[in-house]
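run_26.txt follows (compact mmCIF, C-alpha atoms):
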# COMPACT_ATOMS: atom_id res chain seq x y z
CA ALA A 1 -8.00 40.15 -7.13
CA GLN A 2 -11.01 37.87 -7.51
CA SER A 3 -9.79 36.36 -10.77
CA LEU A 4 -6.48 35.57 -9.06
CA GLN A 5 -8.29 33.55 -6.37
CA THR A 6 -10.18 31.61 -9.03
CA GLN A 7 -6.92 30.70 -10.75
CA THR A 8 -5.23 29.44 -7.58
CA GLN A 9 -8.19 27.43 -6.31
CA PRO A 10 -7.63 24.28 -8.46
CA GLN A 11 -4.07 24.02 -7.11
CA VAL A 12 -5.34 24.10 -3.53
CA THR A 13 -7.89 21.33 -4.08
CA GLN A 14 -5.29 19.06 -5.69
CA HIS A 15 -3.59 18.60 -2.32
CA HIS A 16 -6.62 16.78 -0.95
CA HIS A 17 -6.40 13.85 -3.34
CA PRO A 18 -5.00 10.64 -1.85
CA PRO A 19 -2.37 9.35 -1.62
CA GLN A 20 -0.89 12.22 0.37
CA ALA A 21 2.50 12.53 1.98
CA GLY A 22 2.17 11.73 5.64
CA LEU A 23 0.15 8.53 5.25
CA GLN A 24 1.10 6.09 8.03
CA CYS A 25 1.58 2.43 7.07
CA TYR A 26 2.71 -0.67 8.86
CA SER A 27 6.16 -1.60 7.58
CA CYS A 28 7.65 -5.07 7.87
CA GLY A 29 9.74 -6.41 4.99
CA SER A 30 9.95 -4.92 1.48
CA LEU A 31 8.96 -6.02 -1.99
CA LEU A 32 11.33 -3.70 -3.88
CA ASP A 33 14.19 -3.05 -1.45
CA PRO A 34 16.39 -6.14 -0.88
CA SER A 35 18.34 -4.33 1.87
CA VAL A 36 15.28 -4.42 4.15
CA ALA A 37 15.23 -7.47 6.41
CA ALA A 38 12.52 -10.06 5.88
CA CYS A 39 9.51 -9.72 8.13
CA ASP A 40 9.77 -12.61 10.60
CA LYS A 41 7.14 -11.33 13.01
CA PHE A 42 4.65 -8.56 12.42
CA ASP A 43 3.84 -6.64 15.60
CA ARG A 44 1.28 -3.83 15.26
CA SER A 45 2.29 -2.48 18.70
CA ASP A 46 5.93 -1.99 17.60
CA GLY A 47 6.40 1.65 16.61
CA GLY A 48 9.44 0.60 14.59
CA GLN A 49 7.08 -1.20 12.22
CA VAL A 50 5.26 2.00 11.24
CA GLN A 51 6.53 4.28 8.49
CA THR A 52 5.38 7.58 7.01
CA CYS A 53 4.90 7.41 3.26
CA SER A 54 6.03 9.90 0.66
CA ALA A 55 3.65 11.51 -1.80
CA GLY A 56 2.61 9.01 -4.47
CA GLU A 57 2.72 6.03 -2.12
CA ALA A 58 0.00 3.90 -0.55
CA CYS A 59 0.07 1.16 2.10
CA LEU A 60 0.79 -2.30 0.70
CA MET A 61 0.06 -5.67 2.24
CA TYR A 62 1.47 -8.49 0.14
CA THR A 63 1.10 -12.17 1.04
CA TRP A 64 2.63 -15.01 -0.96
CA ARG A 65 2.54 -18.74 -0.52
CA GLN A 66 6.02 -20.08 0.21
CA SER A 67 4.93 -23.71 0.38
CA GLN A 68 1.73 -25.72 0.70
CA ASP A 69 1.37 -24.84 4.39
CA GLU A 70 3.31 -21.60 4.71
CA ALA A 71 2.68 -18.02 3.64
CA ALA A 72 4.73 -14.88 4.21
CA THR A 73 3.43 -11.33 4.40
CA LEU A 74 5.17 -8.01 4.03
CA ARG A 75 3.83 -4.52 4.66
CA GLU A 76 5.22 -1.18 3.54
CA CYS A 77 4.68 2.15 1.84
CA PHE A 78 4.61 1.34 -1.85
CA PRO A 79 4.78 3.61 -4.91
CA THR A 80 1.44 3.60 -6.72
CA SER A 81 3.33 4.05 -10.01
CA VAL A 82 4.53 0.42 -9.78
CA LEU A 83 2.05 -1.98 -11.37
CA LEU A 84 0.90 -4.91 -9.27
CA GLY A 85 -1.47 -7.42 -10.83
CA SER A 86 -2.25 -7.52 -14.50
CA ILE A 87 -2.39 -4.56 -16.87
CA ALA A 88 -6.09 -5.30 -17.44
CA THR A 89 -6.93 -5.39 -13.71
CA PRO A 90 -4.15 -3.60 -11.82
CA LEU A 91 -4.20 -3.34 -8.05
CA VAL A 92 -5.31 0.21 -7.22
CA PRO A 93 -5.42 1.90 -3.81
CA ALA A 94 -8.73 1.75 -1.94
CA THR A 95 -9.52 3.43 1.37
CA HIS A 96 -9.25 0.11 3.19
CA CYS A 97 -7.34 -3.10 2.51
CA HIS A 98 -9.23 -5.52 0.27
CA LYS A 99 -6.79 -8.37 -0.39
CA ARG A 100 -7.17 -9.96 -3.79
CA ASP A 101 -5.37 -12.45 -5.98
CA ILE A 102 -2.89 -10.61 -8.23
CA THR A 103 -1.44 -13.66 -10.02
CA GLU A 104 -1.85 -14.03 -13.79
CA GLU A 105 -3.03 -17.62 -13.24
CA GLY A 106 -5.56 -16.74 -10.55
CA ASP A 107 -4.24 -19.53 -8.32
CA GLY A 108 -4.30 -17.46 -5.12
CA SER A 109 -0.57 -17.84 -4.45
CA ILE A 110 -0.16 -14.05 -4.15
CA LEU A 111 -2.71 -11.85 -2.39
CA ALA A 112 -2.22 -8.11 -2.05
CA CYS A 113 -3.94 -4.85 -1.25
CA LEU A 114 -3.07 -1.19 -1.60
CA CYS A 115 -4.88 1.25 0.66
CA SER A 116 -4.77 4.93 1.48
CA SER A 117 -5.91 5.37 5.09
CA ASP A 118 -3.58 5.33 8.09
CA LEU A 119 -2.40 1.87 9.16
CA CYS A 120 -4.84 0.20 6.77
CA ASN A 121 -2.38 -2.57 5.77
CA ASP A 122 -3.25 -4.63 8.84
CA ASP A 123 -4.64 -8.19 8.84
CA GLN A 124 -8.23 -7.13 8.16
Would you write out, as structure tokens, the structure that this file holds?
Amino acid sequence: AQSLQTQTQPQVTQHHHPPQAGLQCYSCGSLLDPSVAACDKFDRSDGGQVQTCSAGEACLMYTWRQSQDEAATLRECFPTSVLLGSIATPLVPATHCHKRDITEEGDGSILACLCSSDLCNDDQ
């Protein structure tokens, strides 16, 4: 029976790796789903702007410059299998949101973060 426990142990530990199903993210707008309404006003106190992610997703915050003076931000659960940024320096999930430039040109017109702790895709 001991050898059986040794064999099953690696499977048990795999469940502790982020991102896990059940991660809570702020959700307002969507990068991949055009049916989701644009995010006109983010409100962290609005329970309707929180979603529970599926396995293989992290929290995304994505800000892009619409014009010289205007930027828009969306937040959602986002599949980590989708590449954001360049192949050489892809955006990878961190525990907290560290926004960085993900444009090829490095002009700062798109800033994004992926993070894997509850409600980490806030303004911080």
Using all atoms of segment 22-26 of chain A listed in the file and a margin of 3 Å per side, can you give the axis-aligned box centre and edge lengths in Å to one decimal, as JSON?
{"center_x": 1.4, "center_y": 5.5, "center_z": 7.1, "size_x": 8.6, "size_y": 18.4, "size_z": 9.6}
*What does the distance from atom CA of Ala94 of chain A to atom CA of Tyr26 of chain A come to in Å, to one decimal?*
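Going from atom CA of Ala94 of chain A over to atom CA of Tyr26 of chain A covers 15.9 Å.
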*Near Thr73 of chain A, within 9 Å and counting all atoms listed in the file, which residues show up once chain neighbours fewer than 4 positions away are dropped, as a VMD selection string?*
chain A and resid 28 to 29 39 to 40 42 61 to 65
*Residue neighbourhood Gly47 of chain A, 12 Å, only C-alpha atoms, exclusion window fewer than 2 positions, as a PyMOL selection string*: chain A and resi 24-28+42-45+49-52+119
*Residues at most 8 Å from Ser86 of chain A, counting all atoms listed in the file, excluding those fewer than 3 positions away in the same chain, as a PyMOL selection string?*
chain A and resi 83+89-91+102-104
*Point-to-point distance in Å for atom CA of Gly85 of chain A and atom CA of Lys41 of chain A*: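 Interatomic distance, atom CA of Lys41 of chain A to atom CA of Gly85 of chain A: 25.6 Å.
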*Return the single residue from A:Cys120, A:Ile87, A:Leu111, A:Pro34 that is closest to Ala72 of chain A, with distances computed using all atoms listed in the file.*
A:Leu111
*For Ala37 of chain A, which residue among A:Ala88, A:Cys59, A:Cys53, A:Leu74 is the nearest when counting only C-alpha atoms?*
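The shortest atom-to-atom distance to Ala37 of chain A comes from A:Leu74.
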*For the atom pair atom CA of Thr80 of chain A and atom CA of Leu60 of chain A, what is the interatomic distance in Å to one decimal place?*
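So the answer is 9.5 Å.
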*Nearest to Ala71 of chain A among A:Val36, A:Gly108, A:Ser30, A:Ser116, with distances taken over only C-alpha atoms: which residue is it?*
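Looking only at the distances to Ala71 of chain A, the closest residue turns out to be A:Gly108.
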_Using only C-alpha atoms - which residues lie no farther than 6 Å from the point (-3.7, -9.6, -2.0) in the file's frame? Write them as a list in words._
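Residues satisfying the cut-off, written out: Tyr62, Lys99, Arg100, Asp101, Leu111, Ala112 and Cys113 of chain A.
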Store the residues of this selection in a file with C-alpha atoms, as a PDB file, keeping the file's coordinate frame.
ATOM      1  CA  TYR A  62       1.470  -8.490   0.140  1.00  0.00           C
ATOM      2  CA  LYS A  99      -6.790  -8.370  -0.390  1.00  0.00           C
ATOM      3  CA  ARG A 100      -7.170  -9.960  -3.790  1.00  0.00           C
ATOM      4  CA  ASP A 101      -5.370 -12.450  -5.980  1.00  0.00           C
ATOM      5  CA  LEU A 111      -2.710 -11.850  -2.390  1.00  0.00           C
ATOM      6  CA  ALA A 112      -2.220  -8.110  -2.050  1.00  0.00           C
ATOM      7  CA  CYS A 113      -3.940  -4.850  -1.250  1.00  0.00           C
TER       8      CYS A 113
END
*Which residue, A:Asp46, A:Glu57, A:Glu70, A:Glu76, has the smallest gap to Leu32 of chain A when you use all atoms listed in the file?*
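Selected residue with least distance to Leu32 of chain A: A:Glu76.
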_Give me, as a ChimeraX atom specification, all polymer residues having an atom no more than 7 Å from Pro93 of chain A, counting all atoms listed in the file and skipping those fewer than 5 positions away in the same chain._
/A:58,114-116
Please write the residues from the selection above to a file, keeping C-alpha atoms, as a PDB file, in the coordinates of the input.
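To be explicit, this is the file written out as again_13.pdb:
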ATOM      1  CA  ALA A  58       0.000   3.900  -0.550  1.00  0.00           C
ATOM      2  CA  LEU A 114      -3.070  -1.190  -1.600  1.00  0.00           C
ATOM      3  CA  CYS A 115      -4.880   1.250   0.660  1.00  0.00           C
ATOM      4  CA  SER A 116      -4.770   4.930   1.480  1.00  0.00           C
TER       5      SER A 116
END
Could you write segment 79-95 of chain A as a CSV table (one decimal), in the frame of the given file, with N, CA, C and O atoms rebuilt where they are missing?
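Generated output (selection35.csv):
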chain,number,residue,atom,x,y,z
A,79,PRO,N,5.1,2.6,-3.9
A,79,PRO,CA,4.8,3.6,-4.9
A,79,PRO,C,3.6,3.1,-5.8
A,79,PRO,O,3.7,2.0,-6.3
A,80,THR,N,2.6,4.0,-5.9
A,80,THR,CA,1.4,3.6,-6.7
A,80,THR,C,1.8,3.6,-8.2
A,80,THR,O,1.0,3.1,-9.0
A,81,SER,N,2.9,4.1,-8.6
A,81,SER,CA,3.3,4.0,-10.0
A,81,SER,C,3.8,2.7,-10.4
A,81,SER,O,3.9,2.4,-11.6
A,82,VAL,N,4.1,1.8,-9.5
A,82,VAL,CA,4.5,0.4,-9.8
A,82,VAL,C,3.3,-0.5,-9.9
A,82,VAL,O,2.5,-0.5,-9.0
A,83,LEU,N,3.2,-1.1,-11.1
A,83,LEU,CA,2.0,-2.0,-11.4
A,83,LEU,C,2.1,-3.3,-10.6
A,83,LEU,O,3.1,-4.0,-10.7
A,84,LEU,N,1.1,-3.6,-9.9
A,84,LEU,CA,0.9,-4.9,-9.3
A,84,LEU,C,-0.4,-5.5,-9.9
A,84,LEU,O,-1.4,-4.8,-10.0
A,85,GLY,N,-0.3,-6.8,-10.2
A,85,GLY,CA,-1.5,-7.4,-10.8
A,85,GLY,C,-1.3,-7.3,-12.3
A,85,GLY,O,-0.2,-7.0,-12.8
A,86,SER,N,-2.3,-7.6,-13.1
A,86,SER,CA,-2.2,-7.5,-14.5
A,86,SER,C,-2.5,-6.1,-15.0
A,86,SER,O,-3.1,-5.3,-14.3
A,87,ILE,N,-2.1,-5.9,-16.3
A,87,ILE,CA,-2.4,-4.6,-16.9
A,87,ILE,C,-3.9,-4.3,-17.0
A,87,ILE,O,-4.4,-3.2,-16.8
A,88,ALA,N,-4.6,-5.4,-17.3
A,88,ALA,CA,-6.1,-5.3,-17.4
A,88,ALA,C,-6.8,-5.0,-16.1
A,88,ALA,O,-7.7,-4.2,-16.1
A,89,THR,N,-6.3,-5.6,-15.0
A,89,THR,CA,-6.9,-5.4,-13.7
A,89,THR,C,-5.8,-5.1,-12.7
A,89,THR,O,-5.5,-5.9,-11.8
A,90,PRO,N,-5.2,-3.9,-12.8
A,90,PRO,CA,-4.2,-3.6,-11.8
A,90,PRO,C,-4.7,-3.4,-10.4
A,90,PRO,O,-5.9,-3.1,-10.2
A,91,LEU,N,-3.8,-3.6,-9.4
A,91,LEU,CA,-4.2,-3.3,-8.0
A,91,LEU,C,-4.2,-1.8,-7.9
A,91,LEU,O,-3.1,-1.2,-8.1
A,92,VAL,N,-5.3,-1.2,-7.4
A,92,VAL,CA,-5.3,0.2,-7.2
A,92,VAL,C,-5.6,0.5,-5.7
A,92,VAL,O,-6.3,-0.3,-5.1
A,93,PRO,N,-5.2,1.6,-5.2
A,93,PRO,CA,-5.4,1.9,-3.8
A,93,PRO,C,-6.9,2.1,-3.5
A,93,PRO,O,-7.6,2.8,-4.3
A,94,ALA,N,-7.4,1.5,-2.4
A,94,ALA,CA,-8.7,1.8,-1.9
A,94,ALA,C,-8.6,2.4,-0.6
A,94,ALA,O,-7.4,2.4,0.0
A,95,THR,N,-9.6,2.8,0.0
A,95,THR,CA,-9.5,3.4,1.4
A,95,THR,C,-9.1,2.4,2.4
A,95,THR,O,-8.2,2.6,3.2
